[in-house]
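What follows is the content of entry.csv, which has CSV, C-alpha atoms:
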chain,number,residue,atom,x,y,z
A,1,MET,CA,0.0,0.0,0.0
A,2,GLN,CA,3.0,2.3,-0.3
A,3,ASN,CA,1.6,3.8,-3.5
A,4,THR,CA,-1.8,4.8,-2.1
A,5,TYR,CA,-1.0,8.4,-2.9
A,6,LYS,CA,-2.0,7.5,-6.5
A,7,TYR,CA,-5.5,6.8,-5.5
A,8,PRO,CA,-8.0,9.6,-6.0
A,9,LEU,CA,-9.1,9.6,-2.3
A,10,TYR,CA,-6.8,12.4,-1.3
A,11,LYS,CA,-8.1,14.7,-4.1
A,12,ILE,CA,-11.7,13.8,-3.3
A,13,ILE,CA,-11.2,14.8,0.3
A,14,ILE,CA,-9.6,18.1,-0.6
A,15,TYR,CA,-12.3,19.0,-3.1
A,16,LEU,CA,-15.0,18.1,-0.5
A,17,MET,CA,-13.3,20.4,1.9
A,18,LEU,CA,-14.0,23.3,-0.5
A,19,LEU,CA,-17.6,22.8,0.3
A,20,LEU,CA,-17.2,23.3,4.1
A,21,ILE,CA,-17.6,27.0,4.2
A,22,PRO,CA,-20.6,27.2,1.7
A,23,ILE,CA,-22.4,24.3,3.5
A,24,ASP,CA,-21.8,26.0,6.8
A,25,MET,CA,-23.4,29.2,5.4
A,26,LEU,CA,-26.4,27.2,4.2
A,27,ASN,CA,-26.6,25.5,7.6
A,28,GLY,CA,-26.5,28.9,9.3
A,29,ILE,CA,-29.3,30.2,7.2
A,30,LEU,CA,-31.5,27.2,7.9
A,31,LEU,CA,-30.9,27.2,11.7
A,32,THR,CA,-31.4,31.0,12.0
A,33,ASN,CA,-34.7,30.6,10.2
A,34,ASN,CA,-35.7,27.7,12.6
A,35,ILE,CA,-35.6,25.1,9.8
A,36,ILE,CA,-34.4,22.2,11.9
A,37,LEU,CA,-33.4,19.0,10.0
A,38,PRO,CA,-33.0,15.6,11.7
A,39,VAL,CA,-29.3,15.8,10.6
A,40,SER,CA,-28.0,19.1,9.5
A,41,VAL,CA,-26.4,19.5,6.0
A,42,ALA,CA,-23.1,20.6,7.7
A,43,GLN,CA,-23.1,17.5,9.9
A,44,LEU,CA,-23.7,15.2,6.8
A,45,LEU,CA,-20.7,16.7,5.0
A,46,LYS,CA,-18.5,16.6,8.1
A,47,ILE,CA,-19.5,13.0,8.8
A,48,LEU,CA,-18.6,12.1,5.2
A,49,LEU,CA,-15.3,13.9,5.3
A,50,LEU,CA,-14.3,12.4,8.6
A,51,GLY,CA,-15.4,9.0,7.4
A,52,LEU,CA,-13.2,9.2,4.3
A,53,ILE,CA,-10.2,10.6,6.3
A,54,PHE,CA,-10.6,7.8,8.8
A,55,PHE,CA,-10.9,5.2,6.0
A,56,ARG,CA,-7.6,6.5,4.6
A,57,SER,CA,-5.9,5.8,7.9
A,58,PHE,CA,-6.6,2.1,7.4
A,59,PHE,CA,-3.8,2.1,4.8
A,60,PHE,CA,-1.4,3.7,7.4
A,61,PRO,CA,-1.3,1.5,10.5
A,62,LYS,CA,0.7,4.0,12.5
A,63,ASP,CA,-1.8,6.8,11.9
A,64,PHE,CA,-4.7,4.4,12.6
A,65,PHE,CA,-3.2,3.2,15.9
A,66,ILE,CA,-2.6,6.7,17.1
A,67,TYR,CA,-6.2,7.9,16.4
A,68,LEU,CA,-7.8,4.7,17.7
A,69,SER,CA,-5.8,4.7,20.9
A,70,CYS,CA,-6.6,8.3,21.7
A,71,SER,CA,-10.3,7.7,20.9
A,72,LEU,CA,-10.5,4.7,23.3
A,73,LEU,CA,-8.6,6.4,26.1
A,74,LEU,CA,-11.0,9.4,26.0
A,75,PHE,CA,-14.1,7.2,25.6
A,76,PHE,CA,-13.2,5.0,28.6
A,77,PRO,CA,-14.4,7.3,31.4
A,78,SER,CA,-17.8,7.7,29.6
A,79,ILE,CA,-18.2,3.9,29.5
A,80,LEU,CA,-17.4,3.7,33.2
A,81,GLN,CA,-20.0,6.4,34.0
A,82,ALA,CA,-22.6,4.6,31.8
A,83,PHE,CA,-22.3,1.4,33.9
A,84,SER,CA,-22.1,3.4,37.1
A,85,GLN,CA,-25.3,5.4,36.3
A,86,ARG,CA,-27.0,2.5,34.5
A,87,ASP,CA,-27.7,4.9,31.6
A,88,PHE,CA,-26.1,4.3,28.2
A,89,SER,CA,-28.2,6.8,26.3
A,90,PHE,CA,-25.5,9.6,26.5
A,91,LEU,CA,-22.7,7.5,25.0
A,92,PRO,CA,-23.3,8.5,21.3
A,93,ASN,CA,-23.2,12.2,22.2
A,94,ASP,CA,-20.0,11.7,24.2
A,95,PHE,CA,-18.5,9.9,21.3
A,96,ILE,CA,-19.4,12.7,19.0
A,97,LYS,CA,-17.8,15.2,21.4
A,98,ILE,CA,-14.6,13.1,21.5
A,99,SER,CA,-14.5,13.0,17.7
A,100,ARG,CA,-14.7,16.8,17.6
A,101,TYR,CA,-11.7,17.1,20.0
A,102,LEU,CA,-9.8,14.7,17.9
A,103,THR,CA,-10.7,16.1,14.5
A,104,PRO,CA,-7.5,18.4,14.5
A,105,LEU,CA,-5.4,15.2,15.1
A,106,LEU,CA,-7.1,13.3,12.4
A,107,GLY,CA,-6.7,16.3,10.1
A,108,PHE,CA,-3.0,16.7,10.9
A,109,LEU,CA,-2.4,13.0,10.2
A,110,PHE,CA,-4.2,13.3,6.8
A,111,PHE,CA,-2.4,16.5,5.7
A,112,ARG,CA,1.0,15.2,6.8
A,113,SER,CA,0.4,12.0,4.8
A,114,TYR,CA,-0.9,14.0,1.9
A,115,ILE,CA,2.3,16.1,1.7
A,116,LYS,CA,4.7,13.2,2.4
A,117,ASN,CA,3.2,11.1,-0.4
A,118,GLY,CA,4.1,13.6,-3.0
A,119,HIS,CA,1.0,15.8,-3.5
A,120,SER,CA,1.4,19.4,-4.3
A,121,ILE,CA,0.9,21.8,-1.3
A,122,LYS,CA,-0.6,24.3,-3.8
A,123,ARG,CA,-3.9,22.5,-3.6
A,124,ILE,CA,-3.9,23.0,0.2
A,125,LEU,CA,-3.1,26.7,-0.3
A,126,TYR,CA,-6.0,27.0,-2.8
A,127,LEU,CA,-8.3,25.5,-0.1
A,128,VAL,CA,-7.0,28.0,2.5
A,129,PHE,CA,-7.3,31.1,0.3
A,130,PHE,CA,-10.7,30.1,-1.0
A,131,SER,CA,-12.0,29.6,2.6
A,132,TYR,CA,-10.4,32.8,3.8
A,133,PHE,CA,-11.9,35.1,1.2
A,134,LEU,CA,-15.3,33.4,1.4
A,135,LEU,CA,-15.2,33.8,5.2
A,136,CYS,CA,-14.2,37.4,5.0
A,137,PHE,CA,-16.8,38.1,2.3
A,138,ASN,CA,-19.5,36.8,4.7
A,139,ILE,CA,-18.3,38.8,7.6
A,140,LEU,CA,-18.0,42.1,5.6
A,141,LEU,CA,-21.5,41.7,4.3
A,142,LYS,CA,-22.5,43.5,7.5
A,143,HIS,CA,-21.4,46.8,5.9
A,144,ILE,CA,-24.2,46.5,3.3
A,145,GLY,CA,-26.8,45.4,5.8
A,146,LEU,CA,-26.6,41.6,5.1
A,147,GLY,CA,-25.7,38.6,7.2
A,148,TYR,CA,-26.3,38.0,10.9
A,149,PRO,CA,-24.9,40.1,13.9
A,150,MET,CA,-22.4,38.5,16.3
A,151,TYR,CA,-24.5,39.8,19.2
A,152,SER,CA,-28.2,40.1,18.4
A,153,SER,CA,-28.8,42.5,21.3
A,154,GLY,CA,-27.9,45.9,19.7
A,155,ASN,CA,-27.1,44.4,16.3
A,156,ILE,CA,-23.4,44.4,17.2
A,157,GLY,CA,-20.7,42.7,15.1
A,158,SER,CA,-21.0,40.3,12.3
A,159,LYS,CA,-20.8,36.5,11.7
A,160,GLY,CA,-22.0,36.5,8.1
A,161,TYR,CA,-24.4,33.8,7.3
A,162,PHE,CA,-22.8,31.4,9.8
A,163,TYR,CA,-24.6,30.2,13.0
A,164,ALA,CA,-21.8,29.9,15.6
A,165,GLY,CA,-20.0,33.2,16.2
A,166,ASN,CA,-17.1,31.8,18.3
A,167,GLU,CA,-16.1,29.4,15.5
A,168,VAL,CA,-16.1,32.2,13.0
A,169,SER,CA,-13.4,34.0,15.1
A,170,ALA,CA,-11.4,30.9,15.5
A,171,LEU,CA,-11.5,30.1,11.8
A,172,LEU,CA,-10.4,33.6,10.9
A,173,LEU,CA,-7.4,33.3,13.3
A,174,ILE,CA,-6.4,29.9,11.8
A,175,LEU,CA,-6.7,31.0,8.1
A,176,SER,CA,-5.0,34.3,8.8
A,177,SER,CA,-2.1,32.6,10.4
A,178,ILE,CA,-1.4,30.4,7.4
A,179,ILE,CA,-1.9,33.2,4.9
A,180,GLY,CA,0.2,35.6,7.0
A,181,PHE,CA,3.1,33.2,7.1
A,182,TYR,CA,2.8,32.3,3.4
A,183,SER,CA,2.5,36.0,2.3
A,184,PHE,CA,5.4,37.2,4.5
A,185,ASN,CA,7.8,34.8,2.8
A,186,LYS,CA,6.5,36.0,-0.6
A,187,SER,CA,6.1,39.7,-0.3
A,188,LYS,CA,6.3,42.1,2.6
A,189,PHE,CA,3.8,44.4,0.9
A,190,LEU,CA,1.3,41.6,0.4
A,191,TYR,CA,1.8,40.6,4.0
A,192,PHE,CA,1.0,44.2,5.1
A,193,CYS,CA,-2.2,44.2,2.9
A,194,TYR,CA,-3.4,40.9,4.3
A,195,GLY,CA,-2.7,42.1,7.8
A,196,ILE,CA,-4.8,45.3,7.3
A,197,PHE,CA,-7.6,43.3,5.6
A,198,SER,CA,-7.7,40.7,8.4
A,199,ILE,CA,-7.7,43.4,11.1
A,200,ILE,CA,-10.7,45.1,9.4
A,201,THR,CA,-12.5,41.8,9.2
A,202,ALA,CA,-11.8,41.1,12.8
A,203,LEU,CA,-13.1,44.5,13.8
A,204,THR,CA,-16.3,43.8,11.9
A,205,ILE,CA,-16.8,40.5,13.8
A,206,GLY,CA,-16.6,42.5,17.0
A,207,SER,CA,-15.2,39.9,19.4
A,208,LYS,CA,-12.2,40.4,21.6
A,209,THR,CA,-10.7,37.1,20.5
A,210,SER,CA,-10.7,38.0,16.8
A,211,MET,CA,-9.4,41.6,17.3
A,212,LEU,CA,-6.6,40.8,19.8
A,213,GLY,CA,-5.7,37.5,18.1
A,214,ILE,CA,-5.3,38.9,14.6
A,215,LEU,CA,-3.2,41.8,15.9
A,216,LEU,CA,-1.0,39.4,17.8
A,217,ILE,CA,-0.6,37.0,14.8
A,218,PHE,CA,0.6,39.7,12.4
A,219,ILE,CA,3.0,41.1,15.1
A,220,ILE,CA,4.6,37.7,15.8
A,221,ILE,CA,5.1,36.3,12.3
A,222,PRO,CA,7.9,38.8,11.3
A,223,LEU,CA,9.9,37.9,14.4
A,224,LYS,CA,12.5,35.2,14.0
A,225,LYS,CA,13.2,32.6,16.6
A,226,PRO,CA,15.6,34.1,19.1
A,227,THR,CA,19.1,32.6,19.6
A,228,LEU,CA,21.5,32.7,22.5
A,229,LYS,CA,24.5,32.4,20.2
A,230,ARG,CA,24.3,35.9,18.8
A,231,ILE,CA,22.1,39.0,19.0
A,232,ASP,CA,20.3,39.6,15.7
A,233,ILE,CA,20.4,43.4,15.4
A,234,LYS,CA,18.0,43.3,12.4
A,235,ASN,CA,15.5,41.2,14.4
A,236,LEU,CA,15.8,43.5,17.4
A,237,SER,CA,15.2,46.6,15.3
A,238,THR,CA,12.1,45.0,13.8
A,239,PHE,CA,10.8,44.1,17.3
A,240,PHE,CA,11.4,47.7,18.6
A,241,LEU,CA,9.8,49.2,15.4
A,242,LEU,CA,6.7,47.1,15.9
A,243,PHE,CA,6.6,47.6,19.7
A,244,PHE,CA,7.0,51.3,19.9
A,245,SER,CA,5.5,52.6,16.6
A,246,ILE,CA,3.3,50.3,14.6
A,247,ILE,CA,1.6,48.5,17.5
A,248,PRO,CA,0.6,51.6,19.4
A,249,PHE,CA,-0.5,53.4,16.2
A,250,THR,CA,-2.6,50.4,15.1
A,251,ALA,CA,-4.1,50.0,18.6
A,252,ILE,CA,-5.1,53.7,18.7
A,253,LEU,CA,-6.8,53.4,15.3
A,254,ILE,CA,-8.7,50.3,16.4
A,255,TRP,CA,-9.8,51.9,19.6
A,256,LYS,CA,-11.0,55.1,17.8
A,257,TYR,CA,-13.0,52.9,15.4
A,258,ILE,CA,-14.5,50.8,18.3
A,259,LYS,CA,-15.6,54.1,20.1
A,260,THR,CA,-17.8,55.0,17.0
A,261,THR,CA,-19.7,51.7,17.2
A,262,GLN,CA,-22.3,50.0,19.4
A,263,LEU,CA,-19.6,47.6,20.4
A,264,PHE,CA,-18.0,50.3,22.6
A,265,ASN,CA,-21.3,50.5,24.6
A,266,ARG,CA,-21.4,46.8,25.1
A,267,MET,CA,-17.7,46.6,26.1
A,268,ASN,CA,-18.1,49.6,28.4
A,269,TYR,CA,-21.2,48.0,30.1
A,270,PHE,CA,-19.4,44.8,30.9
A,271,TYR,CA,-16.2,46.5,31.8
A,272,GLU,CA,-18.0,48.5,34.5
A,273,LYS,CA,-20.0,45.4,35.6
A,274,PHE,CA,-17.0,43.1,36.0
A,275,ASP,CA,-13.4,43.2,37.2
A,276,PHE,CA,-10.7,43.4,34.4
A,277,LEU,CA,-9.9,39.6,34.3
A,278,THR,CA,-13.6,38.7,34.2
A,279,PHE,CA,-14.2,41.3,31.4
A,280,ILE,CA,-11.2,40.0,29.3
A,281,LEU,CA,-12.3,36.3,29.8
A,282,SER,CA,-16.0,37.0,29.3
A,283,ASN,CA,-16.9,35.4,32.7
A,284,ARG,CA,-15.1,32.2,31.9
A,285,ASN,CA,-12.9,32.5,35.0
A,286,VAL,CA,-16.1,32.4,37.1
A,287,PHE,CA,-17.2,29.3,35.3
A,288,TYR,CA,-13.8,27.8,35.9
A,289,LYS,CA,-14.0,28.5,39.7
A,290,ASN,CA,-17.4,26.8,39.9
A,291,ALA,CA,-16.2,23.8,37.9
A,292,LEU,CA,-13.0,23.5,40.0
A,293,LYS,CA,-15.1,23.5,43.2
A,294,ASN,CA,-17.3,20.7,41.8
A,295,TYR,CA,-14.1,18.8,40.6
A,296,GLN,CA,-12.7,19.0,44.2
A,297,GLU,CA,-15.9,18.0,46.0
A,298,LYS,CA,-17.8,15.6,43.7
A,299,TYR,CA,-15.1,13.7,41.8
A,300,THR,CA,-13.7,10.4,43.2
A,301,PHE,CA,-9.9,10.0,43.2
A,302,SER,CA,-10.0,7.8,40.1
A,303,GLU,CA,-12.4,10.3,38.3
A,304,LYS,CA,-9.9,13.1,39.1
A,305,ILE,CA,-7.2,11.1,37.2
A,306,ILE,CA,-9.2,9.8,34.1
A,307,GLY,CA,-12.2,12.2,34.1
A,308,VAL,CA,-15.9,11.5,33.9
A,309,GLY,CA,-16.7,12.1,30.3
A,310,ASP,CA,-18.4,15.1,28.7
A,311,TYR,CA,-22.0,14.3,29.6
A,312,THR,CA,-21.3,13.7,33.3
A,313,TYR,CA,-19.0,16.8,33.5
A,314,THR,CA,-21.8,19.0,32.0
A,315,LYS,CA,-24.4,17.4,34.3
A,316,ILE,CA,-22.3,18.0,37.4
A,317,ASN,CA,-22.0,21.7,36.4
A,318,TYR,CA,-25.7,22.1,35.6
A,319,GLY,CA,-25.0,22.5,31.9
A,320,ILE,CA,-22.5,25.3,32.2
A,321,ILE,CA,-18.9,24.7,31.0
A,322,THR,CA,-15.9,27.0,31.1
A,323,GLU,CA,-15.7,27.3,27.2
A,324,ILE,CA,-11.9,27.0,27.6
A,325,ASP,CA,-11.0,23.8,25.7
A,326,THR,CA,-7.9,22.9,27.8
A,327,ILE,CA,-9.9,23.2,31.1
A,328,ASP,CA,-13.0,21.5,29.8
A,329,VAL,CA,-10.9,18.6,28.5
A,330,PHE,CA,-9.2,18.3,31.9
A,331,PHE,CA,-12.5,18.2,33.8
A,332,SER,CA,-14.1,15.8,31.3
A,333,TYR,CA,-11.1,13.5,30.6
A,334,GLY,CA,-8.7,14.1,33.4
A,335,TYR,CA,-5.0,14.0,33.1
A,336,THR,CA,-5.2,11.5,30.3
A,337,GLY,CA,-7.2,13.9,28.2
A,338,LEU,CA,-5.0,16.8,29.1
A,339,ILE,CA,-1.8,14.9,28.0
A,340,ILE,CA,-3.5,13.9,24.7
A,341,LEU,CA,-4.6,17.5,24.0
Could you render the structure from this file as structure tokens?
Amino acid sequence: MQNTYKYPLYKIIIYLMLLLIPIDMLNGILLTNNIILPVSVAQLLKILLLGLIFFRSFFFPKDFFIYLSCSLLLFFPSILQAFSQRDFSFLPNDFIKISRYLTPLLGFLFFRSYIKNGHSIKRILYLVFFSYFLLCFNILLKHIGLGYPMYSSGNIGSKGYFYAGNEVSALLLILSSIIGFYSFNKSKFLYFCYGIFSIITALTIGSKTSMLGILLIFIIIPLKKPTLKRIDIKNLSTFFLLFFSIIPFTAILIWKYIKTTQLFNRMNYFYEKFDFLTFILSNRNVFYKNALKNYQEKYTFSEKIIGVGDYTYTKINYGIITEIDTIDVFFSYGYTGLIIL
């Protein structure tokens, strides 16, 4: 099976990935208009994609073993809880949640194999650029009165025609990172243009994650890895130029823009209501404290080590999770999940 790269499976998977953004748009329109299907169109596509990627792993025993081992280790606490509670109905949902956490791993194994087996990386870049521009186009529709707001109260921000706002911010960060790194190595002018365009898009989204994240990404990419052997004067000068001129100037422009929007009123309201940390973390630190208290008081010793699974963790916390993946993974899957993550 060493020549499996000749099979069309790789190309089929990549071409199907081109449909992810358009299908997510369609899914967002349906859900926003309360058209609920038994299985959403987005779920159908993602199940098909994950199934094909998983099928590919059969031809690569090492990849298959890594993914299967991680899946079984994470699913083990859910099985124990099912027997303990004498309730097996939540197992399918727990398994779906585990598959979501492990999707980045499965994706990494696929793309690593794709590149190592001689496929052109250009096809991946086409996928990234297509997804990036379609995502930005959706978000910027806000400026002509189309799409859905990030926060319905006050019609603040934009998430295009997508349903989940947090995922929109995360996707913009991921795509911008790849495009930023690629364009910096091609053209500094192009890098600057993509940086400005990404910042404008992030401002339109209106979330702290997107705004601060994009700014940080385009600051970090030009900085080379530091070395103890010698001081890189050029790298130091780049750092000081960014730190003392471009960053403050950009930050001032962003802040002046925010003050002209409804987003400022929202931020000001929560800033006055909460302390600084709670404001920055959008109350997630409070959720963490409650979850930590339940972890200390309600988990047995073995559950603290291996976790209790997603359903039981959510149940113990009355349906409220921290929304910080690393912490939620720890409380759901213990030290085992944390190590795997």
Point-to-point distance in Å for CA of Met17 (chain A) and CA of Ile205 (chain A):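 A separation of 23.6 Å between them.
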Please provide as a PyMOL selection string all residues within 9 Å of Leu215 (chain A), with the sequence filter that same-chain residues fewer than 3 positions apart are discarded (counting only C-alpha atoms). chain A and resi 195+198-199+210-212+218-220+247+250-251
Give as a CSV table (one decimal) with C-alpha atoms, keeping the file's coordinate frame every residue, naming chains and numbers as the document does, that has an atom within 9 Å of (-4.4, 6.2, 4.2), counting all atoms listed in the file.
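File written: result-v3.csv
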chain,number,residue,atom,x,y,z
A,1,MET,CA,0.0,0.0,0.0
A,4,THR,CA,-1.8,4.8,-2.1
A,5,TYR,CA,-1.0,8.4,-2.9
A,9,LEU,CA,-9.1,9.6,-2.3
A,10,TYR,CA,-6.8,12.4,-1.3
A,53,ILE,CA,-10.2,10.6,6.3
A,54,PHE,CA,-10.6,7.8,8.8
A,55,PHE,CA,-10.9,5.2,6.0
A,56,ARG,CA,-7.6,6.5,4.6
A,57,SER,CA,-5.9,5.8,7.9
A,58,PHE,CA,-6.6,2.1,7.4
A,59,PHE,CA,-3.8,2.1,4.8
A,60,PHE,CA,-1.4,3.7,7.4
A,61,PRO,CA,-1.3,1.5,10.5
A,63,ASP,CA,-1.8,6.8,11.9
A,64,PHE,CA,-4.7,4.4,12.6
A,110,PHE,CA,-4.2,13.3,6.8
A,113,SER,CA,0.4,12.0,4.8
A,114,TYR,CA,-0.9,14.0,1.9
With all atoms listed in the file as the atoms that count, which of A:Ser69, A:Leu135, A:Asp310, A:Lys97 lies nearest to Leu173 (chain A)?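 The shortest atom-to-atom distance to Leu173 (chain A) comes from A:Leu135.
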Leaving out Ala291 (chain A) and any residue of its chain fewer than 3 positions from it, which residues lie within 8 Å of it when counting only C-alpha atoms, given as a list in words?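 Once the nearby chain positions are removed, what remains is Phe287, Tyr288, Asn294, Tyr295, Asn317, Ile321, Thr322 and Phe331 of chain A.
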Go ahead and write the selection's residues with C-alpha atoms as a PDB file, in the coordinates of the input.
ATOM      1  CA  PHE A 287     -17.200  29.300  35.300  1.00  0.00           C
ATOM      2  CA  TYR A 288     -13.800  27.800  35.900  1.00  0.00           C
ATOM      3  CA  ASN A 294     -17.300  20.700  41.800  1.00  0.00           C
ATOM      4  CA  TYR A 295     -14.100  18.800  40.600  1.00  0.00           C
ATOM      5  CA  ASN A 317     -22.000  21.700  36.400  1.00  0.00           C
ATOM      6  CA  ILE A 321     -18.900  24.700  31.000  1.00  0.00           C
ATOM      7  CA  THR A 322     -15.900  27.000  31.100  1.00  0.00           C
ATOM      8  CA  PHE A 331     -12.500  18.200  33.800  1.00  0.00           C
TER       9      PHE A 331
END
With all atoms listed in the file as the basis for distance, which of A:Phe133, A:Phe189, A:Gly51, A:Gly334 is at the shortest distance from Gly107 (chain A)?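 Of A:Phe133, A:Phe189, A:Gly51, A:Gly334, the one nearest Gly107 (chain A) is A:Gly51, counting all atoms listed in the file.
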Select, from A:Ser84, A:Asn283, A:Thr312, A:Ser169, the residue with the minimum atom-to-atom distance to Lys298 (chain A), counting all atoms listed in the file.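 That would be A:Thr312, the residue with the smallest distance to Lys298 (chain A).
Reported to one decimal place, the separation of CA of Leu49 (chain A) from CA of Val128 (chain A) is 16.6 Å.
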Separation of CA of Gly147 (chain A) and CA of Tyr161 (chain A), in Å?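 Between CA of Gly147 (chain A) and CA of Tyr161 (chain A) the gap works out to 5.0 Å.
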Write out as a PyMOL selection string each polymer residue whose atoms come within 12 Å of Phe90 (chain A), counting all atoms listed in the file; drop sequence neighbours fewer than 4 positions from it. chain A and resi 75+78-79+81-83+85-86+94-97+309-315
Restricted to C-alpha atoms, what would the selected residues look like written as a PDB file, in the frame of the given file?
ATOM      1  CA  PHE A  75     -14.100   7.200  25.600  1.00  0.00           C
ATOM      2  CA  SER A  78     -17.800   7.700  29.600  1.00  0.00           C
ATOM      3  CA  ILE A  79     -18.200   3.900  29.500  1.00  0.00           C
ATOM      4  CA  GLN A  81     -20.000   6.400  34.000  1.00  0.00           C
ATOM      5  CA  ALA A  82     -22.600   4.600  31.800  1.00  0.00           C
ATOM      6  CA  PHE A  83     -22.300   1.400  33.900  1.00  0.00           C
ATOM      7  CA  GLN A  85     -25.300   5.400  36.300  1.00  0.00           C
ATOM      8  CA  ARG A  86     -27.000   2.500  34.500  1.00  0.00           C
ATOM      9  CA  ASP A  94     -20.000  11.700  24.200  1.00  0.00           C
ATOM     10  CA  PHE A  95     -18.500   9.900  21.300  1.00  0.00           C
ATOM     11  CA  ILE A  96     -19.400  12.700  19.000  1.00  0.00           C
ATOM     12  CA  LYS A  97     -17.800  15.200  21.400  1.00  0.00           C
ATOM     13  CA  GLY A 309     -16.700  12.100  30.300  1.00  0.00           C
ATOM     14  CA  ASP A 310     -18.400  15.100  28.700  1.00  0.00           C
ATOM     15  CA  TYR A 311     -22.000  14.300  29.600  1.00  0.00           C
ATOM     16  CA  THR A 312     -21.300  13.700  33.300  1.00  0.00           C
ATOM     17  CA  TYR A 313     -19.000  16.800  33.500  1.00  0.00           C
ATOM     18  CA  THR A 314     -21.800  19.000  32.000  1.00  0.00           C
ATOM     19  CA  LYS A 315     -24.400  17.400  34.300  1.00  0.00           C
TER      20      LYS A 315
END
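Distance check against Tyr148 (chain A) using all atoms listed in the file: of A:Val168, A:Val286, A:Ile214, A:Cys70, the minimum falls on A:Val168.
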Around (-13.1, 15.8, 30.7) in the file's frame, which residues reach within 10 Å when counting all atoms listed in the file? Return as a ChimeraX atom specification? /A:74,77-78,98,303-314,325-338
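When all atoms listed in the file are used to compute distances to Thr209 (chain A), the closest of the residues A:Ser152, A:Ser40, A:Ser282, A:Asn138 turns out to be A:Ser282.
Taking only C-alpha atoms into account, Leu125 (chain A) lies nearest to A:Leu18 out of the set A:Leu18, A:Pro149, A:Leu52, A:His143.
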Distance query Leu31 (chain A) at most 12 Å, all atoms listed in the file, self and fewer than 4 positions along chain excluded, as a count of residues only: 17
Just region 270-295 of chain A from the block, C-alpha atoms, as a CSV table (one decimal), in the first residue's frame, could you?
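Dumped to decode_1.csv:
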chain,number,residue,atom,x,y,z
A,270,PHE,CA,-19.4,44.8,30.9
A,271,TYR,CA,-16.2,46.5,31.8
A,272,GLU,CA,-18.0,48.5,34.5
A,273,LYS,CA,-20.0,45.4,35.6
A,274,PHE,CA,-17.0,43.1,36.0
A,275,ASP,CA,-13.4,43.2,37.2
A,276,PHE,CA,-10.7,43.4,34.4
A,277,LEU,CA,-9.9,39.6,34.3
A,278,THR,CA,-13.6,38.7,34.2
A,279,PHE,CA,-14.2,41.3,31.4
A,280,ILE,CA,-11.2,40.0,29.3
A,281,LEU,CA,-12.3,36.3,29.8
A,282,SER,CA,-16.0,37.0,29.3
A,283,ASN,CA,-16.9,35.4,32.7
A,284,ARG,CA,-15.1,32.2,31.9
A,285,ASN,CA,-12.9,32.5,35.0
A,286,VAL,CA,-16.1,32.4,37.1
A,287,PHE,CA,-17.2,29.3,35.3
A,288,TYR,CA,-13.8,27.8,35.9
A,289,LYS,CA,-14.0,28.5,39.7
A,290,ASN,CA,-17.4,26.8,39.9
A,291,ALA,CA,-16.2,23.8,37.9
A,292,LEU,CA,-13.0,23.5,40.0
A,293,LYS,CA,-15.1,23.5,43.2
A,294,ASN,CA,-17.3,20.7,41.8
A,295,TYR,CA,-14.1,18.8,40.6
